[in-house]
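J.: The structure's right below; bear with me while I get my questions together.
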Amino acid sequence: MVKWQPWFSLRLLVGGYTPGPHGLDAIIVGYYRGKDLIYVARTRNGFVPASRRRVFEKLKLLVIPTCPFVNLAETHKARWGEALTVEKMKKCVWVKPEIVARLEYLEWTDADHLRHSKFVGLRDDKDALNVFKE
């Protein structure tokens with residue numbers, strides 16, 4: 001019998017995305033630790049074409065030339081080969097971390113990343129400067 005795992009929910013800042021169908025393939029998210037933006041996940045799950053277009057329309061206005069996350073690029077190999085390495089970062093588009101997204105996830109990893117995260121929606125009612133690890 002498979003044990004049921006509860007989903008947890010939290011708010012994170014969008015600091016970038018990878019281009020793809022309908023504007024974006026995945027969002028790159030994190031939270032503030034002091035004044036530093038900490039990368040925790042690249043999330044593709046939870047989107048439908050309409051939500052990809054909607055999020056892309058907001059993000060394309062915030063493009064910046066450099067990565068806003070202080071802990072990227074990752075140099076260690078992730079368990080499933082999903083580390084955001086220098087090579088993978090070349091495909092990313094970086095944005096000002098002003099958009100707050102709500103994600104669901106199963107757990108935090110030992111590397112301070114989200115496991116099995118999925119996009120739920122954007123949070124226009126939350127201040128980006130107040131997004132910290134809960």
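Following the order of the structure tokens, first chain is A, next is B, and so on, with residues numbered from 1 inside each chain and ligands from 1 in the order they appear.
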Write down as a JSON list (two decimals) with N, CA and C atoms, in the first residue's frame the residues of region 10-132 of chain A whose backbone DSSP state falls under helix (DSSP H, G or I).

T.:
```
[["chain", "number", "residue", "atom", "x", "y", "z"],
["A", 49, "PRO", "N", -1.42, 25.73, -20.70],
["A", 49, "PRO", "CA", -1.01, 26.76, -21.66],
["A", 49, "PRO", "C", -1.44, 28.18, -21.28],
["A", 50, "ALA", "N", -2.65, 28.35, -20.80],
["A", 50, "ALA", "CA", -3.12, 29.70, -20.44],
["A", 50, "ALA", "C", -2.33, 30.29, -19.29],
["A", 51, "SER", "N", -2.00, 29.50, -18.28],
["A", 51, "SER", "CA", -1.22, 30.03, -17.15],
["A", 51, "SER", "C", 0.22, 30.31, -17.56],
["A", 52, "ARG", "N", 0.78, 29.51, -18.45],
["A", 52, "ARG", "CA", 2.13, 29.79, -18.96],
["A", 52, "ARG", "C", 2.15, 31.16, -19.66],
["A", 53, "ARG", "N", 1.16, 31.41, -20.50],
["A", 53, "ARG", "CA", 1.10, 32.69, -21.21],
["A", 53, "ARG", "C", 0.91, 33.85, -20.24],
["A", 54, "ARG", "N", 0.04, 33.68, -19.26],
["A", 54, "ARG", "CA", -0.24, 34.74, -18.28],
["A", 54, "ARG", "C", 1.01, 35.08, -17.47],
["A", 55, "VAL", "N", 1.70, 34.08, -16.99],
["A", 55, "VAL", "CA", 2.92, 34.31, -16.20],
["A", 55, "VAL", "C", 4.01, 34.91, -17.09],
["A", 56, "PHE", "N", 4.17, 34.41, -18.30],
["A", 56, "PHE", "CA", 5.17, 34.94, -19.22],
["A", 56, "PHE", "C", 4.93, 36.41, -19.52],
["A", 57, "GLU", "N", 3.68, 36.82, -19.71],
["A", 57, "GLU", "CA", 3.36, 38.23, -19.99],
["A", 57, "GLU", "C", 3.84, 39.14, -18.86],
["A", 58, "LYS", "N", 3.76, 38.68, -17.62],
["A", 58, "LYS", "CA", 4.24, 39.48, -16.49],
["A", 58, "LYS", "C", 5.76, 39.47, -16.39],
["A", 59, "LEU", "N", 6.37, 38.31, -16.63],
["A", 59, "LEU", "CA", 7.82, 38.18, -16.47],
["A", 59, "LEU", "C", 8.61, 38.88, -17.56],
["A", 60, "LYS", "N", 8.10, 38.91, -18.78],
["A", 60, "LYS", "CA", 8.87, 39.49, -19.89],
["A", 60, "LYS", "C", 9.11, 40.98, -19.70],
["A", 61, "LEU", "N", 8.35, 41.63, -18.84],
["A", 61, "LEU", "CA", 8.53, 43.06, -18.55],
["A", 61, "LEU", "C", 9.63, 43.30, -17.50],
["A", 62, "LEU", "N", 10.10, 42.24, -16.86],
["A", 62, "LEU", "CA", 11.04, 42.36, -15.74],
["A", 62, "LEU", "C", 12.42, 41.78, -16.04],
["A", 86, "VAL", "N", 26.09, 25.83, -14.69],
["A", 86, "VAL", "CA", 26.45, 26.95, -15.55],
["A", 86, "VAL", "C", 25.92, 26.71, -16.96],
["A", 87, "GLU", "N", 26.05, 25.49, -17.45],
["A", 87, "GLU", "CA", 25.57, 25.17, -18.80],
["A", 87, "GLU", "C", 24.06, 25.35, -18.91],
["A", 88, "LYS", "N", 23.30, 24.87, -17.93],
["A", 88, "LYS", "CA", 21.85, 25.02, -17.96],
["A", 88, "LYS", "C", 21.42, 26.46, -17.74],
["A", 89, "MET", "N", 22.22, 27.23, -17.00],
["A", 89, "MET", "CA", 21.89, 28.63, -16.75],
["A", 89, "MET", "C", 21.96, 29.47, -18.03],
["A", 128, "ALA", "N", 6.88, 41.31, -2.35],
["A", 128, "ALA", "CA", 8.05, 40.50, -2.71],
["A", 128, "ALA", "C", 9.15, 40.59, -1.67],
["A", 129, "LEU", "N", 9.30, 41.73, -1.02],
["A", 129, "LEU", "CA", 10.38, 41.89, -0.03],
["A", 129, "LEU", "C", 10.14, 41.11, 1.25],
["A", 130, "ASN", "N", 8.96, 40.57, 1.41],
["A", 130, "ASN", "CA", 8.63, 39.81, 2.62],
["A", 130, "ASN", "C", 8.50, 38.32, 2.36]]
```

J.: Would you mind listing what lies within 9 Å of Gly15 (chain A) as an NGL selection string, with only C-alpha atoms counted and same-chain residues fewer than 4 positions away left out?

T.: :A and (27-30 or 37 or 39 or 67-69 or 93-99)

J.: Residues as selected, C-alpha atoms, written as a PDB file, in the first residue's frame, can you do that?

T.:
```pdb
ATOM      1  CA  ILE A  27       9.896  29.184 -13.483  1.00  0.00           C
ATOM      2  CA  ILE A  28      12.977  29.535 -11.278  1.00  0.00           C
ATOM      3  CA  VAL A  29      12.035  30.416  -7.714  1.00  0.00           C
ATOM      4  CA  GLY A  30      13.536  31.242  -4.351  1.00  0.00           C
ATOM      5  CA  LEU A  37      17.851  35.631  -2.897  1.00  0.00           C
ATOM      6  CA  TYR A  39      17.357  29.474  -5.283  1.00  0.00           C
ATOM      7  CA  CYS A  67      21.143  35.988 -12.274  1.00  0.00           C
ATOM      8  CA  PRO A  68      19.574  37.338  -9.033  1.00  0.00           C
ATOM      9  CA  PHE A  69      20.225  34.151  -7.003  1.00  0.00           C
ATOM     10  CA  VAL A  93      16.093  34.284 -18.671  1.00  0.00           C
ATOM     11  CA  TRP A  94      16.551  36.267 -15.452  1.00  0.00           C
ATOM     12  CA  VAL A  95      13.966  38.652 -14.045  1.00  0.00           C
ATOM     13  CA  LYS A  96      13.713  41.154 -11.201  1.00  0.00           C
ATOM     14  CA  PRO A  97      12.375  39.162  -8.247  1.00  0.00           C
ATOM     15  CA  GLU A  98       9.115  41.109  -7.938  1.00  0.00           C
ATOM     16  CA  ILE A  99       6.531  38.419  -8.749  1.00  0.00           C
TER      17      ILE A  99
END
```

J.: DSSP on the backbone, then: every residue of region 11-49 of chain A marked strand (DSSP E), written as a PyMOL selection string.

T.: chain A and resi 11-20+23-33+36-43

J.: Using only C-alpha atoms, please write the residues we just selected to a file, as a PDB file, in the first residue's frame.

T.:
```
ATOM      1  CA  ARG A  11       5.078  31.624  -1.413  1.00  0.00           C
ATOM      2  CA  LEU A  12       8.279  32.093  -3.413  1.00  0.00           C
ATOM      3  CA  LEU A  13       9.753  34.760  -5.664  1.00  0.00           C
ATOM      4  CA  VAL A  14      10.193  34.196  -9.373  1.00  0.00           C
ATOM      5  CA  GLY A  15      13.781  35.132 -10.297  1.00  0.00           C
ATOM      6  CA  GLY A  16      13.860  33.644 -13.768  1.00  0.00           C
ATOM      7  CA  TYR A  17      12.397  31.232 -16.255  1.00  0.00           C
ATOM      8  CA  THR A  18      13.359  28.897 -19.043  1.00  0.00           C
ATOM      9  CA  PRO A  19      11.758  29.698 -22.411  1.00  0.00           C
ATOM     10  CA  GLY A  20       9.355  27.216 -23.890  1.00  0.00           C
ATOM     11  CA  GLY A  23       6.433  31.720 -23.475  1.00  0.00           C
ATOM     12  CA  LEU A  24       7.955  29.678 -20.677  1.00  0.00           C
ATOM     13  CA  ASP A  25       8.747  26.095 -19.813  1.00  0.00           C
ATOM     14  CA  ALA A  26       9.607  26.487 -16.112  1.00  0.00           C
ATOM     15  CA  ILE A  27       9.896  29.184 -13.483  1.00  0.00           C
ATOM     16  CA  ILE A  28      12.977  29.535 -11.278  1.00  0.00           C
ATOM     17  CA  VAL A  29      12.035  30.416  -7.714  1.00  0.00           C
ATOM     18  CA  GLY A  30      13.536  31.242  -4.351  1.00  0.00           C
ATOM     19  CA  TYR A  31      13.187  33.173  -1.108  1.00  0.00           C
ATOM     20  CA  TYR A  32      15.071  35.914   0.716  1.00  0.00           C
ATOM     21  CA  ARG A  33      17.600  35.058   3.418  1.00  0.00           C
ATOM     22  CA  ASP A  36      20.206  37.389  -0.503  1.00  0.00           C
ATOM     23  CA  LEU A  37      17.851  35.631  -2.897  1.00  0.00           C
ATOM     24  CA  ILE A  38      18.234  31.864  -2.434  1.00  0.00           C
ATOM     25  CA  TYR A  39      17.357  29.474  -5.283  1.00  0.00           C
ATOM     26  CA  VAL A  40      15.193  26.511  -4.244  1.00  0.00           C
ATOM     27  CA  ALA A  41      13.445  25.120  -7.335  1.00  0.00           C
ATOM     28  CA  ARG A  42      12.866  25.117 -11.052  1.00  0.00           C
ATOM     29  CA  THR A  43       9.201  24.271 -11.484  1.00  0.00           C
TER      30      THR A  43
END
```

J.: Please provide as a PyMOL selection string all residues within 6 Å of Lys118 (chain A), with the sequence filter that same-chain residues fewer than 4 positions apart are discarded (counting only C-alpha atoms).

T.: chain A and resi 45-46+103-104

J.: Which value, in Å to one decimal, gives the distance between CA of Leu10 (chain A) and CA of Val63 (chain A)?

T.: 23.9 Å

J.: Just the residues within 8 Å of Leu106 (chain A), please, counting only C-alpha atoms, with nothing from its chain fewer than 2 positions along; format it as number ranges by chain.

T.: A: 5-8, 104, 108, 114-117

J.: Which is closer to Phe132 (chain A) than all the others in A:Phe47, A:Val100, A:Ile64, A:Lys91, using only C-alpha atoms?

T.: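 Of A:Phe47, A:Val100, A:Ile64, A:Lys91, the one nearest Phe132 (chain A) is A:Val100, counting only C-alpha atoms.
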